[in-house]
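query-v2.cif (mmCIF, C-alpha atoms and all ligand atoms; chains and numbers go by the auth columns)
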```
data_input
#
loop_
_atom_site.group_PDB
_atom_site.id
_atom_site.type_symbol
_atom_site.label_atom_id
_atom_site.label_comp_id
_atom_site.label_asym_id
_atom_site.label_seq_id
_atom_site.Cartn_x
_atom_site.Cartn_y
_atom_site.Cartn_z
_atom_site.B_iso_or_equiv
_atom_site.auth_seq_id
_atom_site.auth_asym_id
ATOM 1 C CA MET A 1 27.608 43.285 74.631 0.00 29 A
ATOM 2 C CA LYS A 2 26.523 40.203 72.833 0.00 30 A
ATOM 3 C CA LEU A 3 23.273 41.937 71.855 0.00 31 A
ATOM 4 C CA GLN A 4 25.118 44.891 70.374 0.00 32 A
ATOM 5 C CA VAL A 5 27.177 42.656 68.113 0.00 33 A
ATOM 6 C CA LEU A 6 24.040 40.957 66.895 0.00 34 A
ATOM 7 C CA ALA A 7 22.402 44.282 66.042 0.00 35 A
ATOM 8 C CA LEU A 8 25.491 45.412 64.196 0.00 36 A
ATOM 9 C CA GLY A 9 25.513 42.235 62.200 0.00 37 A
ATOM 10 C CA ALA A 10 21.893 42.694 61.252 0.00 38 A
ATOM 11 C CA SER A 11 22.360 46.238 60.004 0.00 39 A
ATOM 12 C CA ALA A 12 25.421 45.214 58.026 0.00 40 A
ATOM 13 C CA ALA A 13 23.379 42.526 56.352 0.00 41 A
ATOM 14 C CA ALA A 14 20.665 45.061 55.559 0.00 42 A
ATOM 15 C CA LEU A 15 23.235 47.391 54.059 0.00 43 A
ATOM 16 C CA ILE A 16 24.609 44.637 51.842 0.00 44 A
ATOM 17 C CA ALA A 17 21.089 43.802 50.700 0.00 45 A
ATOM 18 C CA LEU A 18 20.463 47.447 49.842 0.00 46 A
ATOM 19 C CA VAL A 19 23.670 47.734 47.858 0.00 47 A
ATOM 20 C CA GLY A 20 22.823 44.537 46.043 0.00 48 A
ATOM 21 C CA CYS A 21 19.517 46.026 44.939 0.00 49 A
ATOM 22 C CA GLY A 22 21.037 49.249 43.762 0.00 50 A
ATOM 23 C CA THR A 23 23.552 47.950 41.265 0.00 51 A
ATOM 24 C CA GLY A 24 20.991 47.529 38.502 0.00 52 A
ATOM 25 C CA ASN A 25 22.778 44.564 37.022 0.00 53 A
ATOM 26 C CA GLY A 26 20.284 41.989 38.181 0.00 54 A
ATOM 27 C CA PRO A 27 17.656 40.390 36.005 0.00 55 A
ATOM 28 C CA VAL A 28 15.275 42.960 34.564 0.00 56 A
ATOM 29 C CA THR A 29 11.743 42.565 35.815 0.00 57 A
ATOM 30 C CA SER A 30 9.688 43.685 32.878 0.00 58 A
ATOM 31 C CA SER A 31 6.123 43.362 31.728 0.00 59 A
ATOM 32 C CA GLY A 32 7.248 43.154 28.145 0.00 60 A
ATOM 33 C CA GLY A 33 10.334 41.001 28.106 0.00 61 A
ATOM 34 C CA GLY A 34 12.781 40.979 25.205 0.00 62 A
ATOM 35 C CA SER A 35 15.290 43.755 25.010 0.00 63 A
ATOM 36 C CA GLY A 36 12.838 46.243 26.426 0.00 64 A
ATOM 37 C CA THR A 37 13.132 48.615 23.484 0.00 65 A
ATOM 38 C CA CYS A 38 9.792 50.122 22.542 0.00 66 A
ATOM 39 C CA PRO A 39 9.083 49.707 18.795 0.00 67 A
ATOM 40 C CA GLY A 40 7.363 53.058 18.512 0.00 68 A
ATOM 41 C CA THR A 41 5.836 55.997 20.253 0.00 69 A
ATOM 42 C CA ALA A 42 2.313 56.705 21.394 0.00 70 A
ATOM 43 C CA ALA A 43 0.501 59.872 22.403 0.00 71 A
ATOM 44 C CA VAL A 44 -2.967 61.305 22.685 0.00 72 A
ATOM 45 C CA SER A 45 -2.104 63.655 19.831 0.00 73 A
ATOM 46 C CA GLY A 46 0.699 65.490 18.106 0.00 74 A
ATOM 47 C CA LEU A 47 2.634 62.699 16.401 0.00 75 A
ATOM 48 C CA GLY A 48 1.980 64.188 12.965 0.00 76 A
ATOM 49 C CA SER A 49 -0.460 63.837 10.085 0.00 77 A
ATOM 50 C CA VAL A 50 -2.653 60.789 10.497 0.00 78 A
ATOM 51 C CA THR A 51 -2.040 58.161 7.810 0.00 79 A
ATOM 52 C CA VAL A 52 -4.176 55.276 9.016 0.00 80 A
ATOM 53 C CA THR A 53 -7.338 55.436 11.096 0.00 81 A
ATOM 54 C CA ILE A 54 -8.663 52.484 13.062 0.00 82 A
ATOM 55 C CA ASN A 55 -12.120 52.889 14.568 0.00 83 A
ATOM 56 C CA ALA A 56 -13.249 51.272 17.804 0.00 84 A
ATOM 57 C CA THR A 57 -16.968 50.866 17.464 0.00 85 A
ATOM 58 C CA ASP A 58 -20.053 50.064 19.495 0.00 86 A
ATOM 59 C CA GLY A 59 -20.133 46.803 17.522 0.00 87 A
ATOM 60 C CA LEU A 60 -17.191 45.878 19.778 0.00 88 A
ATOM 61 C CA VAL A 61 -14.778 45.524 16.895 0.00 89 A
ATOM 62 C CA PHE A 62 -11.844 47.452 15.490 0.00 90 A
ATOM 63 C CA VAL A 63 -12.392 48.621 11.916 0.00 91 A
ATOM 64 C CA PRO A 64 -10.337 47.652 10.047 0.00 92 A
ATOM 65 C CA ALA A 65 -9.255 44.717 12.166 0.00 93 A
ATOM 66 C CA ALA A 66 -6.262 44.207 9.904 0.00 94 A
ATOM 67 C CA ALA A 67 -4.400 47.369 8.994 0.00 95 A
ATOM 68 C CA THR A 68 -1.129 48.028 7.222 0.00 96 A
ATOM 69 C CA ALA A 69 1.262 50.904 7.722 0.00 97 A
ATOM 70 C CA HIS A 70 4.831 51.926 7.107 0.00 98 A
ATOM 71 C CA THR A 71 7.317 52.852 9.790 0.00 99 A
ATOM 72 C CA GLY A 72 6.827 56.499 10.623 0.00 100 A
ATOM 73 C CA ASP A 73 3.150 56.498 9.708 0.00 101 A
ATOM 74 C CA VAL A 74 0.798 57.924 12.287 0.00 102 A
ATOM 75 C CA ILE A 75 -1.931 55.463 13.143 0.00 103 A
ATOM 76 C CA GLU A 76 -4.926 56.952 14.858 0.00 104 A
ATOM 77 C CA PHE A 77 -7.320 54.959 16.996 0.00 105 A
ATOM 78 C CA LYS A 78 -10.701 56.586 17.255 0.00 106 A
ATOM 79 C CA ASN A 79 -13.551 55.599 19.524 0.00 107 A
ATOM 80 C CA THR A 80 -16.549 56.297 17.329 0.00 108 A
ATOM 81 C CA GLY A 81 -19.107 54.893 19.765 0.00 109 A
ATOM 82 C CA SER A 82 -20.421 55.394 23.257 0.00 110 A
ATOM 83 C CA VAL A 83 -18.612 52.523 24.981 0.00 111 A
ATOM 84 C CA ALA A 84 -15.105 52.793 26.456 0.00 112 A
ATOM 85 C CA HIS A 85 -12.370 50.590 24.979 0.00 113 A
ATOM 86 C CA THR A 86 -8.681 49.959 25.407 0.00 114 A
ATOM 87 C CA VAL A 87 -5.943 49.475 22.835 0.00 115 A
ATOM 88 C CA THR A 88 -3.720 46.953 24.558 0.00 116 A
ATOM 89 C CA PHE A 89 -0.558 45.573 22.967 0.00 117 A
ATOM 90 C CA GLN A 90 0.567 42.372 24.639 0.00 118 A
ATOM 91 C CA ASP A 91 3.493 41.046 22.647 0.00 119 A
ATOM 92 C CA SER A 92 7.139 41.051 23.719 0.00 120 A
ATOM 93 C CA ASN A 93 8.121 44.695 23.462 0.00 121 A
ATOM 94 C CA ASP A 94 5.057 46.621 22.440 0.00 122 A
ATOM 95 C CA GLY A 95 3.263 46.861 25.781 0.00 123 A
ATOM 96 C CA CYS A 96 4.790 50.336 26.007 0.00 124 A
ATOM 97 C CA LEU A 97 2.271 51.416 23.360 0.00 125 A
ATOM 98 C CA THR A 98 -0.826 50.400 25.275 0.00 126 A
ATOM 99 C CA ASP A 99 -3.659 52.815 25.869 0.00 127 A
ATOM 100 C CA GLU A 100 -6.013 51.699 28.622 0.00 128 A
ATOM 101 C CA THR A 101 -8.442 54.572 28.266 0.00 129 A
ATOM 102 C CA LEU A 102 -9.933 55.064 24.837 0.00 130 A
ATOM 103 C CA ALA A 103 -13.033 56.909 25.985 0.00 131 A
ATOM 104 C CA PRO A 104 -16.056 57.532 23.748 0.00 132 A
ATOM 105 C CA GLY A 105 -15.127 60.182 21.197 0.00 133 A
ATOM 106 C CA ALA A 106 -11.440 60.037 22.071 0.00 134 A
ATOM 107 C CA THR A 107 -8.548 59.564 19.672 0.00 135 A
ATOM 108 C CA TRP A 108 -5.084 58.215 20.328 0.00 136 A
ATOM 109 C CA GLU A 109 -2.032 57.881 18.094 0.00 137 A
ATOM 110 C CA VAL A 110 0.717 55.345 17.579 0.00 138 A
ATOM 111 C CA LYS A 111 3.781 55.598 15.389 0.00 139 A
ATOM 112 C CA PHE A 112 5.922 52.507 14.800 0.00 140 A
ATOM 113 C CA THR A 113 9.645 52.826 14.183 0.00 141 A
ATOM 114 C CA VAL A 114 10.257 49.093 13.832 0.00 142 A
ATOM 115 C CA ALA A 115 8.687 46.932 11.135 0.00 143 A
ATOM 116 C CA GLY A 116 6.710 43.946 12.266 0.00 144 A
ATOM 117 C CA THR A 117 3.279 42.578 12.988 0.00 145 A
ATOM 118 C CA TYR A 118 1.638 44.026 16.047 0.00 146 A
ATOM 119 C CA ASN A 119 -1.403 42.484 17.668 0.00 147 A
ATOM 120 C CA TYR A 120 -3.611 44.353 20.076 0.00 148 A
ATOM 121 C CA LEU A 121 -6.917 43.885 21.778 0.00 149 A
ATOM 122 C CA CYS A 122 -9.484 45.684 23.850 0.00 150 A
ATOM 123 C CA THR A 123 -9.245 44.192 27.320 0.00 151 A
ATOM 124 C CA VAL A 124 -12.855 45.134 28.031 0.00 152 A
ATOM 125 C CA HIS A 125 -14.224 43.186 25.072 0.00 153 A
ATOM 126 C CA ALA A 126 -11.593 40.505 24.506 0.00 154 A
ATOM 127 C CA PRO A 127 -11.211 38.022 23.051 0.00 155 A
ATOM 128 C CA ASN A 128 -13.520 39.151 20.251 0.00 156 A
ATOM 129 C CA MET A 129 -12.362 42.741 20.002 0.00 157 A
ATOM 130 C CA LYS A 130 -8.854 42.632 18.601 0.00 158 A
ATOM 131 C CA GLY A 131 -6.770 43.778 15.690 0.00 159 A
ATOM 132 C CA GLU A 132 -3.461 43.549 13.918 0.00 160 A
ATOM 133 C CA ILE A 133 -1.207 46.114 12.347 0.00 161 A
ATOM 134 C CA THR A 134 1.400 45.018 9.844 0.00 162 A
ATOM 135 C CA VAL A 135 4.185 47.565 9.642 0.00 163 A
ATOM 136 C CA SER A 136 6.686 47.442 6.789 0.00 164 A
HETATM 137 CU CU CU B . -13.760 47.369 23.572 0.00 201 A
#
```
Hey, can you dump this file as structure tokens for me?
Amino acid sequence: MKLQVLALGASAAALIALVGCGTGNGPVTSSGGGSGTCPGTAAVSGLGSVTVTINATDGLVFVPAAATAHTGDVIEFKNTGSVAHTVTFQDSNDGCLTDETLAPGATWEVKFTVAGTYNYLCTVHAPNMKGEITVS
């Protein structure tokens, strides 16, 4: 009898723990931090007419390393070489725009909806291979 009560108590505690997890009001565990709102959209293709092109080259640099764009512009990353790269955004909210697989010959598009300065890098060739996009 004593054992049964113990078991009941344990399952009740488990239930409470489960309910506690499910409310969704706890602290948000995020990789980006901030409000969690993505400042743009990214896709392999189809975001619209390309306005700005940034090449990822076998020289292990982004060209141009500093680019400017307006909100709504379609920025295309193009791997013009034979080495794989990534386009990895690491600041507060823009990690949602990261592309970890910019294969040789591949293109990938980003469109910002929020003005700001966005830094990115290639995780394969960091810290030297990096760039910045200023969106106004
Ligand atoms: Cu790279």
> Between A:Ser164, A:Ser77, A:Thr96, A:Thr141, which has the minimum distance to Asp122 in chain A (counting all atoms listed in the file)?
Replying inline: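 Using all atoms listed in the file, the shortest distance to Asp122 in chain A belongs to A:Thr141.
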> Once you count only C-alpha atoms and all ligand atoms, which residues end up within 12 Å of ligand CU 201 (chain A), and could you hand them over as a PyMOL selection string?
Replying inline: chain A and resi 83-91+105-116+127-132+148-159
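In this structure, CA of Thr81 in chain A sits 13.6 Å away from CA of Gly133 in chain A.
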> Which residues come within 9 Å of Glu104 in chain A, counting all atoms listed in the file, excluding same-chain residues fewer than 2 positions away, as a list in words?
Replying inline: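 Here the qualifying residues turn out to be Ser73, Val78, Thr79, Val80, Thr81, Ile82, Asn83, Val102, Lys106, Thr135, Trp136, Glu137, Val138 and Lys139 of chain A.
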Emit the selected residues as a PDB file, in the coordinates of the input, including C-alpha atoms.
```
ATOM      1  CA  SER A  73      -2.104  63.655  19.831  1.00  0.00           C
ATOM      2  CA  VAL A  78      -2.653  60.789  10.497  1.00  0.00           C
ATOM      3  CA  THR A  79      -2.040  58.161   7.810  1.00  0.00           C
ATOM      4  CA  VAL A  80      -4.176  55.276   9.016  1.00  0.00           C
ATOM      5  CA  THR A  81      -7.338  55.436  11.096  1.00  0.00           C
ATOM      6  CA  ILE A  82      -8.663  52.484  13.062  1.00  0.00           C
ATOM      7  CA  ASN A  83     -12.120  52.889  14.568  1.00  0.00           C
ATOM      8  CA  VAL A 102       0.798  57.924  12.287  1.00  0.00           C
ATOM      9  CA  LYS A 106     -10.701  56.586  17.255  1.00  0.00           C
ATOM     10  CA  THR A 135      -8.548  59.564  19.672  1.00  0.00           C
ATOM     11  CA  TRP A 136      -5.084  58.215  20.328  1.00  0.00           C
ATOM     12  CA  GLU A 137      -2.032  57.881  18.094  1.00  0.00           C
ATOM     13  CA  VAL A 138       0.717  55.345  17.579  1.00  0.00           C
ATOM     14  CA  LYS A 139       3.781  55.598  15.389  1.00  0.00           C
TER      15      LYS A 139
END
```
>> Given the point (10.1, 54.3, 10.0) in the coordinates of this file, which residues lie within 8 Å, counting all atoms listed in the file, and how would they look as a PyMOL selection string?
In response: chain A and resi 98-101+140-143
